[in-house]
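One structure below.
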Amino acid sequence: MSRAGTAAPCRVLVLRCPDLLAAADEPDAPVRGVPLTAAFEPVVAVVEEFSPQAEVLRPGLVALAARGPARYFGGEAVLAVKLAEAVCLRGFACQIGIADGLFAADLAAQSGPAGLLIPPGETPQFLAGLPVAALGSPELADLLPRLGIRTLGEFAALPAAEAGSRFGAQGTIAHRLACGLDPRPLAPQPPRLDLSVQQEFDPPAEQSEPVVFTAKAIAELMHAKLSARGLACVRVQVQVQYADGQELSRLWRHDGLLSALAVAERVRWQLDGSRAGGGRSGEEGAGPGGIALLRLIPDQLVRATGHQLSLWGDAVISDRVARAAIRVQAMLGHTAVTRPVLSGGRSPAEQALLVPFGDTAMPSRPAEQPWPGQIPAPAPATVYPVPLSASVTDTAGKAVSVSGRAQLSAPPAWLMASGCPAHAVISWAGPWPMTERWWDPARARRQARFQLITDDGNAWLAVVQDGQWLLEASYD
Amino acid sequence: MRVISLAPMRHRDDVLTSEGVLPVLAALRDLLPNGGLQRGSVVSTADWGLLSLALAADATAAGAWCAVAGVPVLGVRAAADAGLDPGRLVLIADPGRSWPHVVASLLDGFDIVLLHPPEQPPAQLRRKLEAAARRYGSVLLVAGDWPGAQTRLAVTEEEWTGIGTGYGRLRARRARVVASGRGAGERPRSSWLWLPGSDGSVTTAQARPGAQAHDEQTVESLASSG
């Protein structure tokens with residue numbers, strides 16, 4: 001049960017307003033005299049009285065985590081009845097479904113005139129009887145019955161790996177859904193609280209000192225507002241408006257760990273950074289006319305749970321390293337300082353993901369999976385983020401081409417990278433054809449790969465794509 | 001009375017070996033004075049390449065933090081295969097026009113700063129950064145020419161194995177690395193390395209057959225030119 005990815009998803013309540021959903025094809029079309037999104041607003045307000053963590057999926061469809069409210073109101077059935085009554089009082093017909101996971105809860109809401117309550121743990125049985133059309137994917141709804149798979153239960157009976165390899169990422173998600181698992185966790189809509197704090201400067205502040213001083217005071221105010229609600233923010237956005245209307249905004253990692261002084265320090269870095277990196281933003285000096293407004297906006301509110309230990313992933317980053325990195329981020333921007341994460345892929349450039357310092361991200365292509373067709377070790381030490389265009393010619397000076405059957409027109413004799421003199425090719429190997437993602441026209445690739453050594457001692461990884469030679473990496 | 005300590009600042013005790021020398025891969029030990037990267041020193045390699053990454057590898061494995069500035073083309077997989085811990089690596093692909101500022105900030109936080117200068121820095125600027133490295137007890141690894149470097153490494157000969165004309169693939173590179181240094185009794189040393197070996201690691205290699213004969217000569221000529 002505790003195996004990653006197979007744990008049952010949490011209890012989810014879905015509320016549907018059928019008459020609003022019917023109009024959802026035209027979001028701007030009026031329903032009862034008001035636009036659709038506005039017409040749904042009172043329903044959302046009612047739902048938010050039951051739970052602050054309501055997620056509006058689209059106009060007419062709202063989901064919320066059922067566990068907390070159900071406990072408060074004395075059971076899921078009671079909760080559903082009370083919620084239905086409250087919505088009906090506003091003059092909307094509604095269906096309510098409660099099940100394990102959003103997908104099942106939505107389907108439960110659709111079954112029967114008022115919806116269904118699926119008891120905990122029985123979601124897979126409920127799903128098993130439904131037709132595959134319920135997956136909401138026209139391709140799969142067309143394909144699966146032709147393969148003899150008519151119900152979600154039959155689809156769920158397939159091994160997950162087979163569903164993934166046969167039907168791609170879409171198949172993997174569909175299979176998880178059919179098994180009663182979550183494709184993604186529910187993200188609560190942030191409560192509509194304005195916790196930002198700001199201070200205007202009239203006359204505009206020419207120096208950064210008074211701004212930094214004010215920042216400390218208003219940061220204390222922001223922290224007080226947050227802690228009064230038991231919240232912490234993951235990041236804080238510092239907005240600086242200049243008298244001439246320019247705005248300088250930057251996000252800083254907070255995690256509920258920064259003191260007011262530390263926030264003020266970040267404001268100082270941001271102001272210093274805009275000055276030091278003046279060349280980057282295209283102007284010198286502190287904004288013309290001085291600073292007119294400073295605003296601190298807490299971003300990504302989370303429940304304050306005290307201090308976390310490993311803030312930055314596995315390796316605990318010492319204060320000193322973090323401070324140096326953040327200082328450089330202040331000069332160059334948040335995304336200019338990155339941490340590499342190994343990722344999966346067939347070309348060298350795909351094998352690393354650069355995550356801005358302070359953020360966390362998981363590679364979408366796991367590195368542990370085998371990636372058949374990748375170039376075997378050793379890996380190149382120089383990987384061009386954008387491949388360099390090059391031309392490769394044979395001894396007669398004609399461009400070397402590769403046919404659809406991976407036949408070479410002539411052995412490569414000269415390599416000329418763009419902007420560099422030509423070098424003779426002394427050794428080479430290839431072509432190694434590679435066809436990637438043929439099922440996805442937008443991302444499909446057909447390439448032939450080569451390794452080349454030129455007479456200056458450089459070793460290159462080159463590819464031919466659409467008749468064009470590109471240098472992907474160099475082994476120097 | 002204020003007491004001013006003359007010893008370099010030691011702020012990373014967890015990583016420090018007691019002598020203030022960061023460890024390097026076994027294959028590189030013979031090339032460096034004290035068998036490692038002396039804190040506060042500058043080590044240069046002739047150009048950007050796997051050698052620069054290999055120099056930083058063992059120290060990050062031991063827990064040191066490394067920042068790389070000015071290398072947008074760093075091959076993370078090659079770095080990891082050479083033994084560098086990507087979790088202790090921070091990249092600043094483009095340090096911009098105020099790169100000396102950036103590098104000075106990095107030296108005050110990271111144990112190793114690997115720099116590929118966007119342009120040849122003037123002597124005054126170089127001395128400033130050398131002073132910053134000394135002050136913070138960090139190691140400045142420069143990929144490029146740096147006249148004030150305590151140790152300069154260069155690949156003088158290289159040969160790929162496993163590839164022919166139209167067959168095979170790149171398997172390993174046997175390279176001869178020559179180190180020359182400044183200061184007391186520094187005499188050029190050279191080693192043959194697999195840079196990289198067939199699994200991407202950097203290890204000691206046998207000398208290329210037939211290369212031994214003119215070894216001494218090359219070293220001497222390098223010594224007189226350097």
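How things are named: the first chain in the structure tokens is A, the next is B, and so on; residues count from 1 in each chain; ligands count from 1 in the order shown.
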Contact check, chain A to chain B, at most 8 Å, counting only C-alpha atoms, closest pairs as a tab-separated table:
```
residue	atom	partner	partner_atom	distance
A:Ala276	CA	B:Ser98	CA	7.4
A:Gly277	CA	B:Ser98	CA	7.1
A:Gly279	CA	B:Arg97	CA	7.6
A:Asp314	CA	B:Gly87	CA	7.8
A:Ala315	CA	B:Gly87	CA	6.6
A:Arg320	CA	B:Gly109	CA	5.0
A:Val321	CA	B:Gly109	CA	4.6
A:Ala322	CA	B:Gly109	CA	7.7
A:Arg323	CA	B:Gly109	CA	7.2
A:Ala324	CA	B:Gly109	CA	5.2
A:Ala325	CA	B:Leu106	CA	7.0
A:Arg327	CA	B:Ser105	CA	7.2
A:Val328	CA	B:Val102	CA	6.0
A:Met331	CA	B:Val102	CA	7.8
A:Leu332	CA	B:Pro95	CA	7.3
A:Ala336	CA	B:Ile92	CA	5.9
A:Val337	CA	B:Ile92	CA	4.9
A:Thr338	CA	B:Leu91	CA	5.1
A:Arg339	CA	B:Val90	CA	4.8
A:Pro340	CA	B:Pro86	CA	6.2
A:Val341	CA	B:Pro86	CA	6.8
A:Leu342	CA	B:Arg77	CA	6.9
A:Pro348	CA	B:Gly75	CA	7.5
A:Ala349	CA	B:Gly75	CA	7.8
A:Gln351	CA	B:Arg77	CA	6.8
A:Ala352	CA	B:Val76	CA	6.1
A:Phe357	CA	B:Val90	CA	7.7
A:Ala377	CA	B:Asp199	CA	5.5
A:Pro378	CA	B:Gly200	CA	4.3
A:Ala379	CA	B:Ala78	CA	4.7
A:Pro380	CA	B:Ala78	CA	5.7
A:Ala381	CA	B:Gly75	CA	4.5
A:Thr382	CA	B:Gly75	CA	5.1
A:Val383	CA	B:Val73	CA	4.8
A:Tyr384	CA	B:Val73	CA	5.1
A:Pro385	CA	B:Val73	CA	6.4
A:Pro411	CA	B:Gly166	CA	7.5
A:Ile426	CA	B:Thr165	CA	7.2
A:Ser427	CA	B:Thr165	CA	4.6
A:Trp428	CA	B:Thr165	CA	5.0
A:Ala429	CA	B:Gly166	CA	4.5
A:Gly430	CA	B:Gly166	CA	6.4
A:Gln451	CA	B:Arg169	CA	7.0
A:Gly457	CA	B:Glu158	CA	7.3
A:Tyr475	CA	B:Gly49	CA	7.9
A:Asp476	CA	B:Gly49	CA	5.1
```
Return as a PyMOL selection string the full set of residues in segment 9-199 of chain B whose backbone-based DSSP assignment is helix (DSSP H, G or I).
chain B and resi 26-31+33-35+50-61+76-81+86-88+99-107+123-136
Distance atom CA of Leu64 of chain A-atom CA of Val12 of chain A, one decimal place?
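Distance between the two atoms: 5.8 Å.
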I need the strand (DSSP E) residues of segment 62-207 of chain B per DSSP on the backbone, written as a ChimeraX atom specification.
/B:66-69,89-92,112-115,139-143,151-163,168-181,189-194,203-204
Looking at A:Phe92, A:Phe40, A:Phe73, A:Phe103, which one is nearest to Cys10 of chain A, with distances taken over only C-alpha atoms?
A:Phe103
What separation in Å, quoted to one decimal, exists between atom CA of Gln198 of chain A and atom CA of Glu49 of chain A?
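About the pair atom CA of Gln198 of chain A and atom CA of Glu49 of chain A: they are 29.3 Å apart.
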Selection near Gly136 of chain A, 12 Å with only C-alpha atoms, sequence-local residues under 6 positions removed, as number ranges by chain
A: 103, 106-107, 130, 142, 152, 170-171, 173-174, 177-178
Compile the contact shell of Val263 of chain A as a ChimeraX atom specification: residues with an atom at most 8 Å away, counting only C-alpha atoms, same-chain residues fewer than 4 positions apart removed.
/A:215-216,219,258-259,267
Dump as a compact mmCIF listing (two decimals), in the first residue's frame, selection limited to N, CA and C atoms:
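As written to disk, part.txt reads:
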```
# COMPACT_ATOMS: atom_id res chain seq x y z
N ALA A 215 11.66 48.35 4.18
CA ALA A 215 11.40 46.95 3.86
C ALA A 215 11.37 46.11 5.12
N LYS A 216 12.27 46.41 6.06
CA LYS A 216 12.31 45.63 7.29
C LYS A 216 10.99 45.79 8.05
N ALA A 219 8.18 44.05 6.16
CA ALA A 219 8.35 42.60 6.19
C ALA A 219 7.85 42.05 7.51
N LEU A 258 12.86 33.16 6.59
CA LEU A 258 13.58 34.43 6.61
C LEU A 258 13.04 35.34 7.70
N SER A 259 13.95 36.01 8.34
CA SER A 259 13.53 37.04 9.28
C SER A 259 13.23 38.31 8.50
N VAL A 267 15.87 42.76 -0.36
CA VAL A 267 15.46 43.97 -1.07
C VAL A 267 16.70 44.79 -1.44
```
Selection: 7 Å around segment 229-236 of chain A, only C-alpha atoms, excl. self and same-chain fewer than 5 positions, as a list of chain:residue names
A:Leu251, A:Trp252, A:Arg253, A:His254, A:Asp255, A:Gly256, A:Leu296, A:Ile297, A:Pro298, A:Asp299, A:Gln300, A:Leu301, A:Val302, A:Arg303, A:Ala304
Expected file: the selected residues, N, CA and C atoms, as a PDB file, in the first residue's frame:
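This went into result-v1.pdb:
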```pdb
ATOM      1  N   LEU A 251      11.352  37.279  -7.497  1.00  0.00           N
ATOM      2  CA  LEU A 251      10.897  36.311  -6.492  1.00  0.00           C
ATOM      3  C   LEU A 251      12.087  35.833  -5.681  1.00  0.00           C
ATOM      4  N   TRP A 252      11.903  35.753  -4.399  1.00  0.00           N
ATOM      5  CA  TRP A 252      12.961  35.252  -3.524  1.00  0.00           C
ATOM      6  C   TRP A 252      12.429  34.065  -2.748  1.00  0.00           C
ATOM      7  N   ARG A 253      13.287  33.074  -2.588  1.00  0.00           N
ATOM      8  CA  ARG A 253      12.926  31.916  -1.793  1.00  0.00           C
ATOM      9  C   ARG A 253      12.748  32.346  -0.344  1.00  0.00           C
ATOM     10  N   HIS A 254      11.687  31.907   0.293  1.00  0.00           N
ATOM     11  CA  HIS A 254      11.449  32.313   1.655  1.00  0.00           C
ATOM     12  C   HIS A 254      11.319  31.092   2.568  1.00  0.00           C
ATOM     13  N   ASP A 255      10.364  30.208   2.238  1.00  0.00           N
ATOM     14  CA  ASP A 255      10.127  28.973   2.986  1.00  0.00           C
ATOM     15  C   ASP A 255       9.828  29.230   4.449  1.00  0.00           C
ATOM     16  N   GLY A 256       9.367  30.416   4.748  1.00  0.00           N
ATOM     17  CA  GLY A 256       9.033  30.703   6.135  1.00  0.00           C
ATOM     18  C   GLY A 256      10.240  30.799   7.040  1.00  0.00           C
ATOM     19  N   LEU A 296       5.725  43.943  -0.976  1.00  0.00           N
ATOM     20  CA  LEU A 296       6.136  42.567  -0.703  1.00  0.00           C
ATOM     21  C   LEU A 296       4.899  41.685  -0.814  1.00  0.00           C
ATOM     22  N   ILE A 297       4.965  40.685  -1.684  1.00  0.00           N
ATOM     23  CA  ILE A 297       3.807  39.815  -1.896  1.00  0.00           C
ATOM     24  C   ILE A 297       4.205  38.384  -1.551  1.00  0.00           C
ATOM     25  N   PRO A 298       3.588  37.795  -0.544  1.00  0.00           N
ATOM     26  CA  PRO A 298       3.908  36.392  -0.261  1.00  0.00           C
ATOM     27  C   PRO A 298       3.350  35.503  -1.364  1.00  0.00           C
ATOM     28  N   ASP A 299       4.152  34.593  -1.828  1.00  0.00           N
ATOM     29  CA  ASP A 299       3.779  33.755  -2.967  1.00  0.00           C
ATOM     30  C   ASP A 299       3.744  32.312  -2.494  1.00  0.00           C
ATOM     31  N   GLN A 300       2.822  31.525  -3.029  1.00  0.00           N
ATOM     32  CA  GLN A 300       2.661  30.106  -2.685  1.00  0.00           C
ATOM     33  C   GLN A 300       2.516  29.927  -1.183  1.00  0.00           C
ATOM     34  N   LEU A 301       1.322  30.207  -0.682  1.00  0.00           N
ATOM     35  CA  LEU A 301       1.100  30.074   0.747  1.00  0.00           C
ATOM     36  C   LEU A 301       1.011  28.598   1.122  1.00  0.00           C
ATOM     37  N   VAL A 302       1.703  28.238   2.181  1.00  0.00           N
ATOM     38  CA  VAL A 302       1.595  26.880   2.710  1.00  0.00           C
ATOM     39  C   VAL A 302       1.369  26.973   4.207  1.00  0.00           C
ATOM     40  N   ARG A 303       0.907  25.881   4.773  1.00  0.00           N
ATOM     41  CA  ARG A 303       0.695  25.875   6.219  1.00  0.00           C
ATOM     42  C   ARG A 303       2.061  25.937   6.887  1.00  0.00           C
ATOM     43  N   ALA A 304       2.180  26.774   7.889  1.00  0.00           N
ATOM     44  CA  ALA A 304       3.474  26.879   8.572  1.00  0.00           C
ATOM     45  C   ALA A 304       3.664  25.648   9.429  1.00  0.00           C
TER      46      ALA A 304
END
```
What lies within 12 Å of Phe213 of chain A using only C-alpha atoms, ignoring chain neighbours under 3 positions off, as a PyMOL selection string?
chain A and resi 199+205+207-210+216-220+260-268+294
For Gln38 of chain B, find every residue with an atom within 7 Å (counting only C-alpha atoms), except residues of its own chain fewer than 3 positions away, and show them as a list in words.
Gly20, Val21, Leu22, Ser41 and Val139 of chain B
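Atom pair atom CA of Phe201 of chain A / atom CA of Val238 of chain A has a distance of 15.4 Å (rounded to one decimal).
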